[in-house]
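Data from work.pdb: PDB, C-alpha atoms
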```
ATOM      1  CA  MET S 970     -10.082  11.591  31.049  1.00  0.00           C
ATOM      2  CA  LYS S 971     -10.648   8.041  29.870  1.00  0.00           C
ATOM      3  CA  ARG S 972     -11.185   9.259  26.293  1.00  0.00           C
ATOM      4  CA  ILE S 973      -7.864  11.145  26.336  1.00  0.00           C
ATOM      5  CA  ILE S 974      -5.963   8.084  27.541  1.00  0.00           C
ATOM      6  CA  VAL S 975      -7.658   5.767  25.034  1.00  0.00           C
ATOM      7  CA  THR S 976      -7.015   8.223  22.180  1.00  0.00           C
ATOM      8  CA  ALA S 977      -3.343   8.574  23.149  1.00  0.00           C
ATOM      9  CA  VAL S 978      -2.913   4.799  23.296  1.00  0.00           C
ATOM     10  CA  THR S 979      -4.704   4.458  19.957  1.00  0.00           C
ATOM     11  CA  ILE S 980      -2.371   7.016  18.354  1.00  0.00           C
ATOM     12  CA  VAL S 981       0.698   5.135  19.622  1.00  0.00           C
ATOM     13  CA  VAL S 982      -0.690   1.758  18.524  1.00  0.00           C
ATOM     14  CA  CYS S 983      -1.528   3.082  15.043  1.00  0.00           C
ATOM     15  CA  PHE S 984       1.918   4.665  14.771  1.00  0.00           C
ATOM     16  CA  ILE S 985       3.531   1.340  15.652  1.00  0.00           C
ATOM     17  CA  LEU S 986       1.259  -0.477  13.186  1.00  0.00           C
ATOM     18  CA  GLN S 987       2.159   1.917  10.389  1.00  0.00           C
ATOM     19  CA  THR S 988       5.888   2.049  11.003  1.00  0.00           C
ATOM     20  CA  SER S 989       6.624  -1.560  11.929  1.00  0.00           C
ATOM     21  CA  VAL S 990       3.856  -4.102  11.351  1.00  0.00           C
ATOM     22  CA  PHE S 991       2.615  -2.847   7.970  1.00  0.00           C
ATOM     23  CA  ASP S 992       6.189  -2.031   7.005  1.00  0.00           C
ATOM     24  CA  LEU S 993       6.900  -5.760   7.219  1.00  0.00           C
ATOM     25  CA  ILE S 994       3.868  -6.718   5.097  1.00  0.00           C
ATOM     26  CA  ARG S 995       4.254  -4.250   2.262  1.00  0.00           C
ATOM     27  CA  LEU S 996       2.187  -4.864  -0.854  1.00  0.00           C
ATOM     28  CA  ALA S 997       3.963  -3.697  -4.020  1.00  0.00           C
ATOM     29  CA  ASN S 998       6.338  -1.756  -1.759  1.00  0.00           C
ATOM     30  CA  ILE S 999       3.400   0.298  -0.420  1.00  0.00           C
ATOM     31  CA  VAL S1000       2.427   0.824   3.239  1.00  0.00           C
ATOM     32  CA  PRO S1001      -1.083   2.016   4.200  1.00  0.00           C
ATOM     33  CA  ASN S1002      -1.364   5.323   6.008  1.00  0.00           C
ATOM     34  CA  VAL S1003      -2.844   4.063   9.277  1.00  0.00           C
ATOM     35  CA  LEU S1004      -2.474   7.400  11.083  1.00  0.00           C
ATOM     36  CA  LEU S1005      -4.487   9.108   8.354  1.00  0.00           C
ATOM     37  CA  ILE S1006      -7.214   6.496   8.820  1.00  0.00           C
ATOM     38  CA  LEU S1007      -7.224   7.230  12.552  1.00  0.00           C
ATOM     39  CA  VAL S1008      -7.463  10.989  12.050  1.00  0.00           C
ATOM     40  CA  SER S1009     -10.300  10.660   9.526  1.00  0.00           C
ATOM     41  CA  CYS S1010     -12.293   8.255  11.664  1.00  0.00           C
ATOM     42  CA  ILE S1011     -11.952  10.253  14.867  1.00  0.00           C
ATOM     43  CA  ALA S1012     -12.785  13.511  13.089  1.00  0.00           C
ATOM     44  CA  VAL S1013     -15.897  12.046  11.484  1.00  0.00           C
ATOM     45  CA  MET S1014     -17.053  10.336  14.681  1.00  0.00           C
ATOM     46  CA  ARG S1015     -16.186  13.053  17.218  1.00  0.00           C
ATOM     47  CA  GLY S1016     -15.961  16.355  15.336  1.00  0.00           C
ATOM     48  CA  GLN S1017     -13.470  19.018  14.318  1.00  0.00           C
ATOM     49  CA  LYS S1018     -11.835  19.694  17.654  1.00  0.00           C
ATOM     50  CA  GLU S1019     -10.934  16.094  18.429  1.00  0.00           C
ATOM     51  CA  GLY S1020     -10.010  15.487  14.800  1.00  0.00           C
ATOM     52  CA  MET S1021      -7.609  18.428  14.820  1.00  0.00           C
ATOM     53  CA  ILE S1022      -6.026  17.437  18.134  1.00  0.00           C
ATOM     54  CA  THR S1023      -5.603  13.827  17.005  1.00  0.00           C
ATOM     55  CA  GLY S1024      -4.251  14.982  13.651  1.00  0.00           C
ATOM     56  CA  PHE S1025      -1.755  17.284  15.317  1.00  0.00           C
ATOM     57  CA  PHE S1026      -0.326  14.568  17.560  1.00  0.00           C
ATOM     58  CA  CYS S1027      -0.272  11.949  14.777  1.00  0.00           C
ATOM     59  CA  GLY S1028       1.541  14.391  12.518  1.00  0.00           C
ATOM     60  CA  LEU S1029       3.888  15.417  15.309  1.00  0.00           C
ATOM     61  CA  LEU S1030       4.928  11.791  15.800  1.00  0.00           C
ATOM     62  CA  LEU S1031       5.696  11.522  12.095  1.00  0.00           C
ATOM     63  CA  ASP S1032       7.563  14.847  12.178  1.00  0.00           C
ATOM     64  CA  ILE S1033       9.725  13.778  15.098  1.00  0.00           C
ATOM     65  CA  PHE S1034      10.687  10.424  13.615  1.00  0.00           C
ATOM     66  CA  TYR S1035      10.647  10.914   9.837  1.00  0.00           C
ATOM     67  CA  SER S1036      10.678  14.548   8.766  1.00  0.00           C
ATOM     68  CA  PRO S1037      13.576  16.944   8.405  1.00  0.00           C
ATOM     69  CA  PHE S1038      11.124  19.778   9.194  1.00  0.00           C
ATOM     70  CA  LEU S1039       9.137  19.982  12.381  1.00  0.00           C
ATOM     71  CA  GLY S1040       5.500  20.785  11.732  1.00  0.00           C
ATOM     72  CA  LEU S1041       4.812  19.765   8.129  1.00  0.00           C
ATOM     73  CA  TYR S1042       3.021  16.514   8.952  1.00  0.00           C
ATOM     74  CA  ALA S1043       1.456  18.001  12.084  1.00  0.00           C
ATOM     75  CA  PHE S1044      -0.093  20.835  10.095  1.00  0.00           C
ATOM     76  CA  LEU S1045      -1.209  18.551   7.265  1.00  0.00           C
ATOM     77  CA  TYR S1046      -2.827  15.954   9.532  1.00  0.00           C
ATOM     78  CA  MET S1047      -4.429  18.685  11.633  1.00  0.00           C
ATOM     79  CA  LEU S1048      -5.899  20.137   8.438  1.00  0.00           C
ATOM     80  CA  PHE S1049      -7.293  16.717   7.501  1.00  0.00           C
ATOM     81  CA  GLY S1050      -8.833  16.431  10.974  1.00  0.00           C
ATOM     82  CA  PHE S1051     -10.435  19.868  10.604  1.00  0.00           C
ATOM     83  CA  VAL S1052     -11.921  19.200   7.168  1.00  0.00           C
ATOM     84  CA  ASP S1053     -13.123  15.694   8.028  1.00  0.00           C
ATOM     85  CA  GLY S1054     -14.676  17.006  11.230  1.00  0.00           C
ATOM     86  CA  LEU S1055     -17.013  19.117   9.110  1.00  0.00           C
ATOM     87  CA  PHE S1056     -18.722  15.877   8.058  1.00  0.00           C
ATOM     88  CA  ASN S1057     -19.511  14.948  11.667  1.00  0.00           C
ATOM     89  CA  ARG S1058     -22.981  16.472  11.398  1.00  0.00           C
ATOM     90  CA  ILE S1059     -24.036  14.201   8.513  1.00  0.00           C
ATOM     91  CA  TYR S1060     -22.319  11.030   9.763  1.00  0.00           C
ATOM     92  CA  TYR S1061     -24.267   8.063  11.071  1.00  0.00           C
ATOM     93  CA  SER S1062     -22.467   5.252  12.857  1.00  0.00           C
ATOM     94  CA  ASP S1063     -23.933   2.669  10.479  1.00  0.00           C
ATOM     95  CA  ASP S1064     -22.444   4.512   7.505  1.00  0.00           C
ATOM     96  CA  ASN S1065     -19.169   2.989   6.287  1.00  0.00           C
ATOM     97  CA  PHE S1066     -19.189   4.827   2.985  1.00  0.00           C
ATOM     98  CA  LEU S1067     -18.487   8.382   4.181  1.00  0.00           C
ATOM     99  CA  PRO S1068     -15.363   7.570   6.247  1.00  0.00           C
ATOM    100  CA  LEU S1069     -13.922   5.444   3.442  1.00  0.00           C
ATOM    101  CA  ILE S1070     -14.510   8.196   0.874  1.00  0.00           C
ATOM    102  CA  LEU S1071     -12.815  10.705   3.185  1.00  0.00           C
ATOM    103  CA  ILE S1072      -9.915   8.331   3.848  1.00  0.00           C
ATOM    104  CA  GLY S1073      -9.420   7.824   0.112  1.00  0.00           C
ATOM    105  CA  ALA S1074      -9.661  11.539  -0.675  1.00  0.00           C
ATOM    106  CA  ASN S1075      -7.295  12.431   2.165  1.00  0.00           C
ATOM    107  CA  ASP S1076      -4.742   9.856   1.090  1.00  0.00           C
ATOM    108  CA  LEU S1077      -4.934  11.044  -2.521  1.00  0.00           C
ATOM    109  CA  ILE S1078      -4.392  14.657  -1.454  1.00  0.00           C
ATOM    110  CA  TYR S1079      -1.630  13.525   0.925  1.00  0.00           C
ATOM    111  CA  GLY S1080       0.142  11.652  -1.869  1.00  0.00           C
ATOM    112  CA  ILE S1081      -0.069  14.606  -4.239  1.00  0.00           C
ATOM    113  CA  LEU S1082       1.214  17.016  -1.593  1.00  0.00           C
ATOM    114  CA  MET S1083       4.078  14.701  -0.651  1.00  0.00           C
ATOM    115  CA  TYR S1084       5.017  14.498  -4.328  1.00  0.00           C
ATOM    116  CA  LEU S1085       4.994  18.280  -4.554  1.00  0.00           C
ATOM    117  CA  PHE S1086       6.976  18.777  -1.344  1.00  0.00           C
ATOM    118  CA  GLN S1087       9.431  15.913  -1.690  1.00  0.00           C
ATOM    119  CA  GLY S1088       9.418  14.752  -5.298  1.00  0.00           C
ATOM    120  CA  LEU S1089       9.513  17.992  -7.212  1.00  0.00           C
ATOM    121  CA  LEU S1090      12.012  19.518  -4.825  1.00  0.00           C
ATOM    122  CA  LYS S1091      14.335  16.630  -5.642  1.00  0.00           C
ATOM    123  CA  ASN S1092      13.729  17.154  -9.385  1.00  0.00           C
ATOM    124  CA  HIS S1093      11.647  13.981  -9.891  1.00  0.00           C
ATOM    125  CA  LEU S1094       9.470  14.892 -12.844  1.00  0.00           C
ATOM    126  CA  HIS S1095       7.849  11.512 -13.551  1.00  0.00           C
ATOM    127  CA  VAL S1096       4.348  12.496 -12.460  1.00  0.00           C
ATOM    128  CA  GLN S1097       2.493   9.664 -14.202  1.00  0.00           C
ATOM    129  CA  TYR S1098       4.855   7.009 -12.861  1.00  0.00           C
ATOM    130  CA  TYR S1099       4.601   8.365  -9.311  1.00  0.00           C
ATOM    131  CA  PHE S1100       0.821   8.607  -9.543  1.00  0.00           C
ATOM    132  CA  ARG S1101       0.343   5.066 -10.945  1.00  0.00           C
ATOM    133  CA  SER S1102       3.033   3.327  -8.921  1.00  0.00           C
ATOM    134  CA  ILE S1103       2.822   5.016  -5.531  1.00  0.00           C
ATOM    135  CA  ILE S1104      -0.204   7.263  -4.991  1.00  0.00           C
ATOM    136  CA  LEU S1105      -3.035   5.106  -6.381  1.00  0.00           C
ATOM    137  CA  PRO S1106      -1.848   1.790  -4.868  1.00  0.00           C
ATOM    138  CA  GLU S1107      -1.418   3.502  -1.497  1.00  0.00           C
ATOM    139  CA  VAL S1108      -4.942   4.938  -1.719  1.00  0.00           C
ATOM    140  CA  VAL S1109      -6.401   1.488  -2.469  1.00  0.00           C
ATOM    141  CA  TYR S1110      -4.383  -0.189   0.286  1.00  0.00           C
ATOM    142  CA  THR S1111      -5.273   2.523   2.798  1.00  0.00           C
ATOM    143  CA  ILE S1112      -8.991   2.241   1.980  1.00  0.00           C
ATOM    144  CA  ALA S1113      -8.848  -1.546   2.378  1.00  0.00           C
ATOM    145  CA  VAL S1114      -7.149  -1.277   5.772  1.00  0.00           C
ATOM    146  CA  GLY S1115      -9.482   1.617   6.635  1.00  0.00           C
ATOM    147  CA  LEU S1116     -12.510  -0.617   6.189  1.00  0.00           C
ATOM    148  CA  LEU S1117     -11.278  -2.901   8.955  1.00  0.00           C
ATOM    149  CA  LEU S1118      -9.791  -0.209  11.183  1.00  0.00           C
ATOM    150  CA  HIS S1119     -12.925   1.966  10.974  1.00  0.00           C
ATOM    151  CA  ARG S1120     -14.981  -0.873  12.453  1.00  0.00           C
ATOM    152  CA  ILE S1121     -12.538  -1.269  15.340  1.00  0.00           C
ATOM    153  CA  LEU S1122     -12.443   2.476  16.016  1.00  0.00           C
ATOM    154  CA  LEU S1123     -16.238   2.627  15.850  1.00  0.00           C
ATOM    155  CA  ARG S1124     -16.494  -0.042  18.549  1.00  0.00           C
ATOM    156  CA  ILE S1125     -13.970   1.798  20.721  1.00  0.00           C
ATOM    157  CA  ASN S1126     -15.959   5.031  20.268  1.00  0.00           C
ATOM    158  CA  ARG S1127     -19.235   3.315  21.207  1.00  0.00           C
ATOM    159  CA  TRP S1128     -17.601   1.804  24.284  1.00  0.00           C
ATOM    160  CA  LEU S1129     -16.304   5.230  25.345  1.00  0.00           C
ATOM    161  CA  GLU S1130     -19.695   6.862  24.748  1.00  0.00           C
ATOM    162  CA  ASN S1131     -21.433   4.175  26.801  1.00  0.00           C
ATOM    163  CA  ASN S1132     -18.939   4.681  29.633  1.00  0.00           C
ATOM    164  CA  GLU S1133     -19.449   8.458  29.481  1.00  0.00           C
ATOM    165  CA  LYS S1134     -23.233   8.013  29.629  1.00  0.00           C
ATOM    166  CA  GLY S1135     -22.888   5.543  32.477  1.00  0.00           C
ATOM    167  CA  SER S1136     -20.755   7.899  34.547  1.00  0.00           C
ATOM    168  CA  ALA S1137     -23.149  10.773  33.852  1.00  0.00           C
ATOM    169  CA  ASP S1138     -26.040   8.760  35.315  1.00  0.00           C
ATOM    170  CA  PHE S1139     -24.427   8.758  38.766  1.00  0.00           C
ATOM    171  CA  VAL S1140     -24.176  12.557  38.922  1.00  0.00           C
TER     172      VAL S1140
END
```
Any chance you could put this one into structure tokens?
Amino acid sequence: MKRIIVTAVTIVVCFILQTSVFDLIRLANIVPNVLLILVSCIAVMRGQKEGMITGFFCGLLLDIFYSPFLGLYAFLYMLFGFVDGLFNRIYYSDDNFLPLILIGANDLIYGILMYLFQGLLKNHLHVQYYFRSIILPEVVYTIAVGLLLHRILLRINRWLENNEKGSADFV
């Protein structure tokens, strides 16, 4: 129960960070995708099921507030949680490299898909400009923020695991 509450609070905090705090400190008019970092980290640390559930609710928040369609972001983030959860078996908590690679790959795929869904449908055909000016800077910024946020989420996960082990000792 404690894990569910902490995860829900973390989703809301990351949503607020992405939509307000990082929106105020844009670099080159780019905002890092904090919710994608959260989904990747939880999926790698906890597995497919928790990654998919977290991805669904992160995407649903984005759908409710920013999307004309309900379900596009929810499905996409849930898919990222599923795929990243596959790497749970080879992940070690001391490993920073795997989550950052997954965060970068996810953000690159996310940027390409958003260009296909939103850019091409609006007849924006400047692929190279969009890739150099929006997708790649966002990937770099998201990885940089992901390095810090992964450490924080790792500590939260360790704290939750220690509490779960401690409560299991009394049974």
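If only C-alpha atoms are the atoms counted, then among S:Ile1078, S:Leu1055, S:Leu1031, S:Ile985 the closest residue to Arg1015 (chain S) is S:Leu1055.
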Residues in the PyMOL selection byres ((chain S and resi 1109-1113) around 8), expressed as a ChimeraX atom specification: /S:999-1003,1006,1069,1072-1073,1076,1105-1108,1114-1117
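Residues with any atom within 10 Å of Leu1045 (chain S), counting only C-alpha atoms and excluding same-chain neighbours fewer than 6 positions away, are Met1021, Gly1024, Phe1025, Gly1028, Phe1051, Tyr1079 and Leu1082 of chain S.
The residue set within 8 Å of region 1119-1135 of chain S, counting all atoms listed in the file and dropping same-chain residues fewer than 5 places from it, reads Lys971, Arg972, Ile1006, Leu1007, Cys1010, Ile1011, Met1014, Ser1062, Asn1065 and Pro1068 of chain S.
Note that the spacing between CA of Ile1104 (chain S) and CA of Gly1080 (chain S) amounts to 5.4 Å.
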If you take all atoms listed in the file and a cut-off of 12 Å, which residues of region 1049-1108 of chain S touch region 1033-1040 of chain S, and what are their nearest atom pairs and distances in Å to one decimal, in chain and number order, as a Markdown table?
```
| residue | atom | partner | partner_atom | distance |
| --- | --- | --- | --- | --- |
| S:Met1083 | CA | S:Ser1036 | CA | 11.5 |
| S:Phe1086 | CA | S:Phe1038 | CA | 11.4 |
| S:Gln1087 | CA | S:Ser1036 | CA | 10.6 |
```
All residues 9 Å or closer to Tyr1046 (chain S), all atoms listed in the file, same chain fewer than 3 positions away omitted, as number ranges by chain: S: 1004-1005, 1008, 1020-1021, 1023-1029, 1041-1043, 1049-1051
Counting all atoms listed in the file, the option among S:Thr988, S:Thr976, S:Asn998, S:Ser1009 closest to Leu1030 (chain S): S:Thr988
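Going from CA of Ala1012 (chain S) over to CA of Ala997 (chain S), you cover 29.5 Å.
A straight line drawn from CA of Ile1081 (chain S) to CA of Phe991 (chain S) is 21.5 Å long.
Checking S:Gln1017, S:Leu1085, S:Phe1100, S:Leu1094 one by one against Phe1056 (chain S), counting all atoms listed in the file, you find the shortest gap at S:Gln1017.
For the choices S:Ile974, S:Leu1077, S:Leu1118, S:Leu1067, the atom-to-atom distance to Val1013 (chain S) is smallest for S:Leu1067 when using only C-alpha atoms.
Minimum atom-to-atom distances from S:Arg1101, S:Leu986, S:Val978, S:Ile973 to Glu1019 (chain S) were compared using only C-alpha atoms, and the lowest value belongs to S:Ile973.
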